[in-house]
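Asker: Dropping in input17.cif, with mmCIF, C-alpha atoms and all ligand atoms.
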data_upload
#
loop_
_atom_site.label_atom_id
_atom_site.label_comp_id
_atom_site.auth_asym_id
_atom_site.auth_seq_id
_atom_site.Cartn_x
_atom_site.Cartn_y
_atom_site.Cartn_z
CA MET A 100 66.21 8.47 45.36
CA LYS A 101 63.89 11.06 46.90
CA ILE A 102 61.68 12.89 44.47
CA LEU A 103 59.64 16.03 44.91
CA ALA A 104 56.60 15.64 42.64
CA ILE A 105 54.10 18.27 41.50
CA ASP A 106 50.67 17.86 39.87
CA THR A 107 48.47 20.80 38.85
CA SER A 108 46.67 19.12 35.96
CA ALA A 109 43.11 19.90 37.07
CA ASP A 110 41.58 21.26 40.27
CA GLU A 111 44.03 20.00 42.88
CA THR A 112 47.32 21.69 43.71
CA ALA A 113 49.34 18.68 44.78
CA VAL A 114 52.93 18.16 45.90
CA ALA A 115 54.52 15.05 47.38
CA VAL A 116 57.88 13.67 48.41
CA VAL A 117 58.32 10.06 47.40
CA GLU A 118 61.10 7.49 47.69
CA GLY A 119 60.50 4.50 45.42
CA ARG A 120 56.96 3.39 46.21
CA ARG A 121 57.05 4.98 49.66
CA ILE A 122 55.10 8.17 50.13
CA ILE A 123 56.94 10.34 52.61
CA SER A 124 54.74 13.40 52.37
CA ASN A 125 51.65 14.16 50.35
CA VAL A 126 49.98 17.56 50.40
CA ILE A 127 46.87 18.46 48.42
CA TYR A 128 45.00 21.69 48.19
CA SER A 129 41.63 20.90 46.63
CA GLN A 130 39.77 23.60 44.71
CA ILE A 131 36.45 21.77 44.69
CA ASP A 132 34.75 24.52 46.70
CA ILE A 133 35.85 27.12 44.14
CA HIS A 134 34.42 25.18 41.19
CA LYS A 135 31.32 23.73 42.83
CA LYS A 136 29.01 26.56 41.83
CA TRP A 137 30.05 26.25 38.17
CA GLY A 138 29.26 22.55 38.02
CA GLY A 139 32.73 21.79 36.67
CA ILE A 140 36.26 23.15 36.57
CA TYR A 141 36.43 26.86 35.69
CA PRO A 142 39.84 27.13 33.98
CA THR A 143 40.94 30.67 34.85
CA LEU A 144 39.94 30.22 38.48
CA ALA A 145 41.89 26.95 38.55
CA LYS A 146 45.01 28.64 37.21
CA GLN A 147 44.68 31.49 39.69
CA ALA A 148 44.21 29.15 42.64
CA HIS A 149 47.20 27.01 41.58
CA GLU A 150 49.35 30.14 41.33
CA GLU A 151 48.26 31.35 44.73
CA ARG A 152 48.80 28.01 46.43
CA ILE A 153 51.72 26.30 44.74
CA ASP A 154 54.52 27.82 46.87
CA GLY A 155 52.68 27.09 50.10
CA VAL A 156 51.94 23.50 49.06
CA VAL A 157 55.58 22.88 48.04
CA GLU A 158 56.76 24.26 51.37
CA LYS A 159 54.29 22.19 53.36
CA ALA A 160 55.29 18.99 51.54
CA LEU A 161 58.96 19.71 52.22
CA LYS A 162 58.32 20.49 55.87
CA ARG A 163 56.52 17.18 56.34
CA PHE A 164 59.43 15.46 54.64
CA MET A 165 61.86 17.24 56.99
CA ILE A 166 59.97 16.00 60.02
CA TYR A 167 60.51 12.52 58.65
CA ASP A 168 64.18 13.11 57.87
CA LEU A 169 65.70 15.17 60.68
CA ARG A 170 69.00 15.65 58.86
CA PHE A 171 67.33 18.44 56.95
CA LYS A 172 65.70 20.32 59.76
CA ASN A 173 67.06 23.67 58.64
CA ILE A 174 64.41 25.10 56.29
CA GLU A 175 67.09 26.89 54.27
CA ARG A 176 68.51 23.52 53.33
CA TYR A 177 65.23 21.74 52.73
CA MET A 178 66.07 20.85 49.13
CA ASP A 179 69.32 19.10 50.11
CA GLY A 180 67.49 15.86 50.70
CA ILE A 181 65.71 15.93 47.35
CA ASP A 182 67.37 14.19 44.40
CA ALA A 183 65.02 15.08 41.53
CA ILE A 184 61.92 17.11 40.67
CA ALA A 185 58.98 15.47 38.88
CA VAL A 186 56.00 17.14 37.29
CA THR A 187 52.85 16.20 35.42
CA GLN A 188 53.25 17.16 31.77
CA GLY A 189 49.73 16.18 30.71
CA PRO A 190 47.00 15.35 30.00
CA GLY A 191 45.03 18.10 31.67
CA LEU A 192 44.01 21.71 31.54
CA ALA A 193 46.69 23.76 29.71
CA ILE A 194 46.74 26.81 31.94
CA ALA A 195 46.66 24.65 35.06
CA LEU A 196 49.45 22.30 33.91
CA GLU A 197 51.62 25.33 33.11
CA VAL A 198 51.66 26.45 36.73
CA GLY A 199 53.14 23.16 37.96
CA ILE A 200 55.62 22.92 35.08
CA ARG A 201 56.85 26.45 35.67
CA LYS A 202 57.34 25.74 39.37
CA ALA A 203 59.14 22.45 38.67
CA LYS A 204 61.52 24.12 36.21
CA GLU A 205 62.19 26.94 38.65
CA LEU A 206 63.05 24.49 41.46
CA ALA A 207 65.16 22.31 39.14
CA ILE A 208 67.22 25.28 37.98
CA GLN A 209 67.52 26.97 41.37
CA TYR A 210 68.60 23.81 43.20
CA GLN A 211 70.27 22.10 40.23
CA LYS A 212 68.14 18.98 40.32
CA PRO A 213 67.26 16.76 37.36
CA LEU A 214 63.72 17.05 36.04
CA ILE A 215 61.33 14.19 35.22
CA ALA A 216 58.13 14.63 33.18
CA VAL A 217 55.25 12.27 33.97
CA ASN A 218 52.00 11.42 32.24
CA HIS A 219 49.11 11.92 34.67
CA LEU A 220 47.51 8.66 33.50
CA GLU A 221 50.63 6.68 34.35
CA GLY A 222 50.30 8.25 37.76
CA HIS A 223 46.73 6.98 38.16
CA LEU A 224 47.88 3.45 37.31
CA TYR A 225 50.93 3.55 39.58
CA SER A 226 48.84 4.83 42.49
CA CYS A 227 48.05 1.12 43.00
CA PHE A 228 51.67 0.52 43.98
CA ALA A 229 51.75 3.23 46.66
CA GLN A 230 53.21 2.31 50.04
CA ASN A 231 53.06 4.31 53.23
CA ARG A 232 56.24 5.73 54.72
CA PHE A 233 56.91 2.42 56.48
CA GLY A 234 56.82 0.52 53.19
CA LYS A 235 53.40 -1.11 53.64
CA PRO A 236 51.79 -2.92 51.89
CA THR A 237 54.73 -5.09 50.89
CA TYR A 238 53.41 -7.00 47.87
CA GLU A 239 55.70 -7.16 44.85
CA ILE A 240 54.82 -5.70 41.48
CA LYS A 241 54.28 -8.55 39.02
CA PHE A 242 53.71 -7.78 35.35
CA PRO A 243 51.73 -8.08 33.16
CA TYR A 244 48.76 -6.08 34.41
CA LEU A 245 45.61 -4.82 32.82
CA GLY A 246 45.11 -1.24 33.92
CA LEU A 247 41.66 0.33 34.13
CA ILE A 248 41.49 4.11 34.45
CA VAL A 249 38.09 5.64 35.15
CA SER A 250 38.32 9.27 36.15
CA GLY A 251 36.65 12.58 35.39
CA GLY A 252 38.75 12.99 32.25
CA HIS A 253 39.54 9.44 31.13
CA THR A 254 38.19 5.97 30.61
CA GLU A 255 40.87 3.58 29.37
CA ILE A 256 41.91 -0.04 29.43
CA VAL A 257 45.66 -0.48 29.16
CA LEU A 258 47.92 -3.50 28.89
CA ILE A 259 51.06 -2.94 30.98
CA LYS A 260 53.78 -5.43 30.07
CA GLY A 261 56.50 -3.99 32.27
CA HIS A 262 57.44 -0.74 33.98
CA LEU A 263 56.51 2.21 31.74
CA GLN A 264 55.39 -0.09 28.90
CA TYR A 265 51.82 0.64 27.94
CA GLN A 266 49.52 -0.47 25.18
CA VAL A 267 46.13 1.22 25.16
CA LEU A 268 43.52 -1.43 24.34
CA GLY A 269 40.44 0.77 24.55
CA GLU A 270 39.42 4.28 25.44
CA THR A 271 36.41 6.54 25.41
CA LEU A 272 35.39 8.01 22.09
CA ASP A 273 33.55 10.88 23.78
CA ASP A 274 32.80 11.52 27.46
CA ALA A 275 34.74 9.89 30.27
CA ALA A 276 32.78 7.81 32.77
CA GLY A 277 33.21 10.37 35.57
CA GLU A 278 32.26 13.18 33.21
CA ALA A 279 29.08 11.29 32.26
CA LEU A 280 28.17 10.90 35.93
CA ASP A 281 28.93 14.57 36.59
CA LYS A 282 26.76 15.67 33.64
CA ALA A 283 23.84 13.43 34.68
CA ALA A 284 24.03 14.88 38.19
CA LYS A 285 24.12 18.43 36.82
CA LEU A 286 21.05 17.77 34.68
CA LEU A 287 19.17 16.78 37.81
CA GLY A 288 20.38 19.84 39.71
CA LEU A 289 22.71 17.82 41.96
CA SER A 290 26.04 19.17 43.12
CA TYR A 291 29.55 18.76 41.64
CA PRO A 292 31.27 16.37 41.48
CA GLY A 293 28.28 14.22 40.65
CA GLY A 294 29.79 10.74 41.12
CA PRO A 295 29.76 10.66 44.93
CA VAL A 296 26.30 12.27 45.11
CA ILE A 297 24.88 9.71 42.69
CA GLU A 298 26.53 6.92 44.66
CA GLN A 299 24.92 8.05 47.87
CA LEU A 300 21.43 8.48 46.39
CA ALA A 301 21.64 5.08 44.68
CA GLN A 302 22.78 3.45 47.92
CA GLU A 303 19.71 4.77 49.71
CA ILE A 304 17.45 2.60 47.55
CA GLY A 305 19.86 -0.32 47.34
CA GLN A 306 20.94 0.30 43.72
CA ILE A 307 17.91 -0.56 41.58
CA ASP A 308 18.10 -0.46 37.78
CA LYS A 309 14.52 0.64 37.22
CA TYR A 310 14.89 2.37 33.83
CA HIS A 311 17.42 0.19 31.99
CA PHE A 312 19.09 2.96 30.01
CA PRO A 313 21.13 1.85 26.97
CA ARG A 314 24.56 0.24 27.43
CA PRO A 315 26.60 1.90 24.70
CA MET A 316 29.25 -0.07 22.79
CA LEU A 317 28.54 -3.21 24.77
CA GLN A 318 27.86 -5.24 21.68
CA SER A 319 30.91 -4.07 19.76
CA ARG A 320 33.92 -6.36 19.89
CA ASN A 321 36.49 -3.66 20.47
CA LEU A 322 37.33 -2.28 23.91
CA ASP A 323 36.44 1.36 23.27
CA PHE A 324 33.82 3.19 25.31
CA SER A 325 31.21 5.78 24.41
CA PHE A 326 28.84 7.41 26.85
CA SER A 327 27.26 10.12 24.70
CA GLY A 328 24.36 7.91 23.56
CA LEU A 329 23.53 7.04 27.15
CA LYS A 330 23.77 10.70 28.10
CA THR A 331 21.40 11.71 25.31
CA SER A 332 18.86 9.05 26.12
CA PHE A 333 19.01 10.03 29.82
CA TYR A 334 18.61 13.69 28.87
CA TYR A 335 15.49 13.05 26.77
CA TYR A 336 13.96 10.82 29.41
CA VAL A 337 14.50 13.36 32.17
CA ARG A 338 13.31 16.25 29.99
CA GLU A 339 9.94 14.61 29.45
CA LEU A 340 9.36 13.99 33.15
CA PRO A 341 7.12 16.43 35.04
CA GLU A 342 9.13 18.20 37.77
CA LYS A 343 7.23 16.47 40.56
CA GLU A 344 7.85 13.06 39.03
CA LYS A 345 11.52 13.87 38.51
CA ILE A 346 11.99 14.70 42.19
CA LYS A 347 10.12 11.58 43.25
CA SER A 348 12.16 9.33 40.95
CA ILE A 349 15.58 10.92 41.38
CA LYS A 350 17.14 8.02 43.29
CA TYR A 351 15.90 5.53 40.69
CA LEU A 352 17.12 7.74 37.85
CA VAL A 353 20.68 8.08 39.17
CA SER A 354 20.76 4.46 40.24
CA SER A 355 19.80 3.32 36.73
CA PHE A 356 22.24 5.74 35.13
CA GLN A 357 25.22 4.54 37.14
CA GLU A 358 24.20 0.92 36.57
CA ALA A 359 24.42 1.51 32.79
CA VAL A 360 27.84 3.21 33.08
CA PHE A 361 29.25 0.54 35.39
CA ASP A 362 27.83 -2.32 33.35
CA VAL A 363 29.85 -1.12 30.38
CA ILE A 364 33.02 -0.64 32.46
CA VAL A 365 32.82 -4.09 34.04
CA LYS A 366 31.96 -5.93 30.85
CA LYS A 367 34.63 -4.21 28.75
CA THR A 368 37.22 -5.01 31.42
CA GLU A 369 36.07 -8.62 31.36
CA SER A 370 36.43 -8.67 27.55
CA ALA A 371 39.97 -7.32 27.94
CA ILE A 372 40.78 -10.16 30.35
CA LYS A 373 39.41 -12.69 27.87
CA GLN A 374 41.25 -11.15 24.91
CA THR A 375 44.65 -10.85 26.60
CA GLY A 376 44.59 -13.66 29.14
CA VAL A 377 45.91 -11.16 31.69
CA THR A 378 43.97 -11.50 34.94
CA ASN A 379 45.85 -9.15 37.27
CA ILE A 380 44.07 -5.83 37.27
CA ILE A 381 45.18 -2.44 38.56
CA ILE A 382 42.75 0.41 38.94
CA GLY A 383 43.02 4.19 38.86
CA GLY A 384 40.76 7.23 38.87
CA GLY A 385 38.14 8.74 41.13
CA VAL A 386 35.15 6.77 39.82
CA CYS A 387 36.66 3.62 41.36
CA ALA A 388 35.98 5.09 44.78
CA ASN A 389 32.43 3.93 44.14
CA LEU A 390 31.73 0.97 46.42
CA TYR A 391 29.18 -0.59 44.12
CA LEU A 392 31.54 -0.46 41.13
CA ARG A 393 34.33 -1.95 43.28
CA LYS A 394 32.07 -4.78 44.35
CA ARG A 395 31.13 -5.55 40.77
CA LEU A 396 34.72 -5.41 39.53
CA ARG A 397 35.90 -7.64 42.40
CA ALA A 398 33.21 -10.22 41.62
CA MET A 399 34.01 -10.20 37.90
CA VAL A 400 37.77 -10.57 38.48
CA LYS A 401 37.20 -13.37 41.00
CA LYS A 402 35.02 -15.17 38.47
CA ASN A 403 37.94 -15.00 36.05
CA ASN A 404 40.40 -16.29 38.69
CA GLY A 405 42.25 -12.99 38.72
CA ALA A 406 43.39 -10.48 41.30
CA ILE A 407 42.57 -6.80 41.56
CA ILE A 408 44.51 -4.01 43.22
CA PHE A 409 42.77 -0.78 44.20
CA PRO A 410 44.90 2.16 45.27
CA PRO A 411 44.59 3.29 48.89
CA PHE A 412 41.56 5.61 49.09
CA LYS A 413 43.64 8.71 49.66
CA TYR A 414 45.41 8.22 46.33
CA LEU A 415 42.22 7.35 44.53
CA THR A 416 39.73 10.07 45.36
CA GLY A 417 41.09 13.24 43.85
CA ASP A 418 44.37 13.87 42.14
CA ASN A 419 47.63 13.77 44.03
CA ALA A 420 51.33 14.10 43.32
CA ALA A 421 52.33 10.97 45.23
CA MET A 422 51.36 8.85 42.22
CA ILE A 423 53.43 11.13 39.95
CA GLY A 424 56.44 10.66 42.25
CA ILE A 425 56.15 6.86 42.13
CA VAL A 426 56.23 6.85 38.31
CA ALA A 427 59.11 9.34 38.36
CA GLY A 428 61.19 6.93 40.47
CA TYR A 429 60.92 4.25 37.76
CA LYS A 430 61.65 6.84 35.06
CA ALA A 431 64.79 7.90 36.92
CA LYS A 432 65.88 4.25 37.09
CA ALA A 433 65.38 4.05 33.32
CA ASN A 434 67.37 7.27 32.93
CA GLN A 435 64.36 9.08 31.49
CA PHE A 436 65.14 12.62 32.59
CA VAL A 437 64.14 15.80 30.74
CA LYS A 438 67.15 16.63 28.58
CA ASN A 439 66.57 20.32 28.27
CA SER A 440 64.08 21.89 30.65
CA ASP A 441 63.63 24.89 28.31
CA HIS A 442 61.84 22.54 25.95
CA LEU A 443 59.52 20.98 28.50
CA ASP A 444 55.98 22.08 27.71
CA ARG A 445 52.52 20.91 28.72
CA VAL A 446 50.74 18.39 26.50
CA THR A 447 47.02 18.75 27.14
CA ARG A 448 46.01 15.65 25.20
CA MET A 449 48.71 13.24 26.15
CA SER A 450 48.14 9.55 25.63
CA LEU A 451 49.98 6.67 27.25
O1 LIG B 1 40.47 10.79 39.31
P1 LIG B 1 39.65 11.99 39.63
O2 LIG B 1 39.61 12.44 41.06
O3 LIG B 1 40.11 13.21 38.79
C1 LIG B 1 40.43 13.16 37.47
O4 LIG B 1 39.48 13.26 36.66
O5 LIG B 1 41.64 13.00 37.14
O6 LIG B 1 38.16 11.68 39.13
C2 LIG B 1 37.13 12.59 39.34
C3 LIG B 1 35.84 11.92 38.92
C4 LIG B 1 34.63 12.84 38.93
O7 LIG B 1 33.96 12.71 37.70
C5 LIG B 1 33.79 12.32 40.08
O8 LIG B 1 32.41 12.51 39.87
C6 LIG B 1 34.16 10.87 40.11
O9 LIG B 1 35.54 10.84 39.80
N1 LIG B 1 33.95 10.25 41.42
C7 LIG B 1 33.08 9.25 41.64
C8 LIG B 1 33.12 8.98 43.02
N2 LIG B 1 34.05 9.81 43.60
C9 LIG B 1 34.54 10.59 42.59
N3 LIG B 1 32.27 8.58 40.80
C10 LIG B 1 31.48 7.62 41.33
N4 LIG B 1 31.47 7.32 42.65
C11 LIG B 1 32.27 7.95 43.52
N5 LIG B 1 32.23 7.63 44.81
ZN ZN B 2 43.41 12.45 37.60
#
I need this file expressed as structure tokens, please.

Answerer:
Amino acid sequence: MKILAIDTSADETAVAVVEGRRIISNVIYSQIDIHKKWGGIYPTLAKQAHEERIDGVVEKALKRFMIYDLRFKNIERYMDGIDAIAVTQGPGLAIALEVGIRKAKELAIQYQKPLIAVNHLEGHLYSCFAQNRFGKPTYEIKFPYLGLIVSGGHTEIVLIKGHLQYQVLGETLDDAAGEALDKAAKLLGLSYPGGPVIEQLAQEIGQIDKYHFPRPMLQSRNLDFSFSGLKTSFYYYVRELPEKEKIKSIKYLVSSFQEAVFDVIVKKTESAIKQTGVTNIIIGGGVCANLYLRKRLRAMVKKNNGAIIFPPFKYLTGDNAAMIGIVAGYKAKANQFVKNSDHLDRVTRMSL
């Protein structure tokens, strides 16, 4: 089954064509340059950019699919090879999600294709199972998994017992890990998104935890996260520093900040392994592009005799619709189609 998938949940206009786990085409228009000067996503600009780009991105994804499948080389018939339309229903920015949902409904009605609604977070988890168009890598999916999502909007640990069966074990009570990194970077006058900038500055000094900022929720037995205390303590520390000192110490500050965030992520994931006995880990979300965090997670999982799967980098850094298409394939198999597309609406705070 070939699925055309759409994701407009945040600041990427993304469309892909997917067959099972195989990604046939994957087109992303990133709005990062538009939002950079605001230090975060500016909602109305996001909506506007999605509206301007969505048709072009759909067309480009279909054209790349046609190159792959020459039976459909006539552009007028490009939808003939598509069996279903999938779209991200949430979580995300309401006015951004609406653009993708509207487009998906329009295509489903015009070309009489079934519609599948996908949770963006499921997408992040399933990005681990992505294969290229030749079906590589070939490893089989073996449940149960522990899923760790660390993105700009979410920090969650999920037990996945089978396809589409999720049990959230812990989540953030306030800021997401990526959001915390972005805010720390903003406070220091660094550019958006902050995660990669912090990573680079920390790398330059070899990742030294000079300031030992607090590790929130580390002592609590549950698997929830909270980063607001860390953020506040970082804020007060930085505020008291003379400007000259701040500039001189910036690499140590960001290095210590990310160490605190990652310490919590790694240790909570380890607690989840111990509590569930599940040692196979799948990862999703942009923060896991961080090489230092990956190294620490790998070492921790190895210590617990487990295995860890990271998504290919192109499905990890930034949102994409390929991951939405993979989930949609399993939903189609389970006959989970949208019954009445008139009733499909965005859900901005959608949990797993
Ligand atoms: O998954 P993602 O691209 O978008 C969603 O939030 O869904 O995640 C974006 C987040 C941002 O907060 C960004 O600062 C962070 O991922 N990020 C990183 C790195 N690359 C992106 N954080 C740490 N290190 C990185 N290399
Ligand atoms: Zn995302």

Asker: I'd like to know which of A:Asp308, A:Asp132, A:Asp110, A:Glu150 is closest to ligand LIG 1 (chain B), using only C-alpha atoms and all ligand atoms.

Answerer: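 Looking at the shortest contact to ligand LIG 1 (chain B), the residue is A:Asp110.
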
Asker: Tell me, in Å to one decimal, how far atom CA of Val249 of chain A is from atom CA of Ser325 of chain A.

Answerer: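 Atom CA of Ser325 of chain A lies 12.8 Å from atom CA of Val249 of chain A.
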
Asker: Enter the distance from atom CA of Leu247 of chain A to atom CA of Val116 of chain A, in Å, rounded to one decimal.

Answerer: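 Those two atoms sit 25.4 Å apart.
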
Asker: What separation in Å, quoted to one decimal, exists between atom CA of Ile364 of chain A and atom CA of Thr447 of chain A?

Answerer: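 Atom CA of Thr447 of chain A lies at a distance of 24.5 Å from atom CA of Ile364 of chain A.
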
Asker: Step by step: start from the point (55.7, -1.6, 46.6) in the file's coordinates, keep every protein, DNA or RNA residue that has an atom no farther than 9 Å from it, count all atoms listed in the file, and write the set as an MDAnalysis selection string.

Answerer: chainID A and resid 119:121 227:230 234:240

Asker: For Tyr291 of chain A, please output as a PDB file with C-alpha atoms, keeping the file's coordinate frame all residues within 10 Å (counting only C-alpha atoms; exclusion window: fewer than 3 positions along the same chain).

Answerer:
ATOM      1  CA  ILE A 131      36.450  21.770  44.690  1.00  0.00           C
ATOM      2  CA  ASP A 132      34.750  24.520  46.700  1.00  0.00           C
ATOM      3  CA  HIS A 134      34.420  25.180  41.190  1.00  0.00           C
ATOM      4  CA  LYS A 135      31.320  23.730  42.830  1.00  0.00           C
ATOM      5  CA  LYS A 136      29.010  26.560  41.830  1.00  0.00           C
ATOM      6  CA  TRP A 137      30.050  26.250  38.170  1.00  0.00           C
ATOM      7  CA  GLY A 138      29.260  22.550  38.020  1.00  0.00           C
ATOM      8  CA  GLY A 139      32.730  21.790  36.670  1.00  0.00           C
ATOM      9  CA  ILE A 140      36.260  23.150  36.570  1.00  0.00           C
ATOM     10  CA  LEU A 280      28.170  10.900  35.930  1.00  0.00           C
ATOM     11  CA  ASP A 281      28.930  14.570  36.590  1.00  0.00           C
ATOM     12  CA  LYS A 282      26.760  15.670  33.640  1.00  0.00           C
ATOM     13  CA  ALA A 284      24.030  14.880  38.190  1.00  0.00           C
ATOM     14  CA  LYS A 285      24.120  18.430  36.820  1.00  0.00           C
ATOM     15  CA  GLY A 288      20.380  19.840  39.710  1.00  0.00           C
ATOM     16  CA  GLY A 294      29.790  10.740  41.120  1.00  0.00           C
ATOM     17  CA  PRO A 295      29.760  10.660  44.930  1.00  0.00           C
ATOM     18  CA  VAL A 296      26.300  12.270  45.110  1.00  0.00           C
TER      19      VAL A 296
END

Asker: If we count all atoms listed in the file and set the cut-off at 6 Å, which residues sit around Ile256 of chain A, ignoring sequence neighbours fewer than 4 positions away in its own chain? Please answer as a PyMOL selection string.

Answerer: chain A and resi 246-247+268-269

Asker: Write as a VMD selection string the residues around ligand ZN 2 (chain B), taking 7 Å as the cut-off and counting all atoms listed in the file.

Answerer: chain A and resid 219 to 220 223 250 384 417 to 418

Asker: Just checking: using only C-alpha atoms and all ligand atoms, which residue out of A:Met316, A:Val377, A:Met178, A:Ala276 ends up closest to ligand LIG 1 (chain B)?

Answerer: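 Between A:Met316, A:Val377, A:Met178, A:Ala276, the residue approaching ligand LIG 1 (chain B) most closely is A:Ala276.
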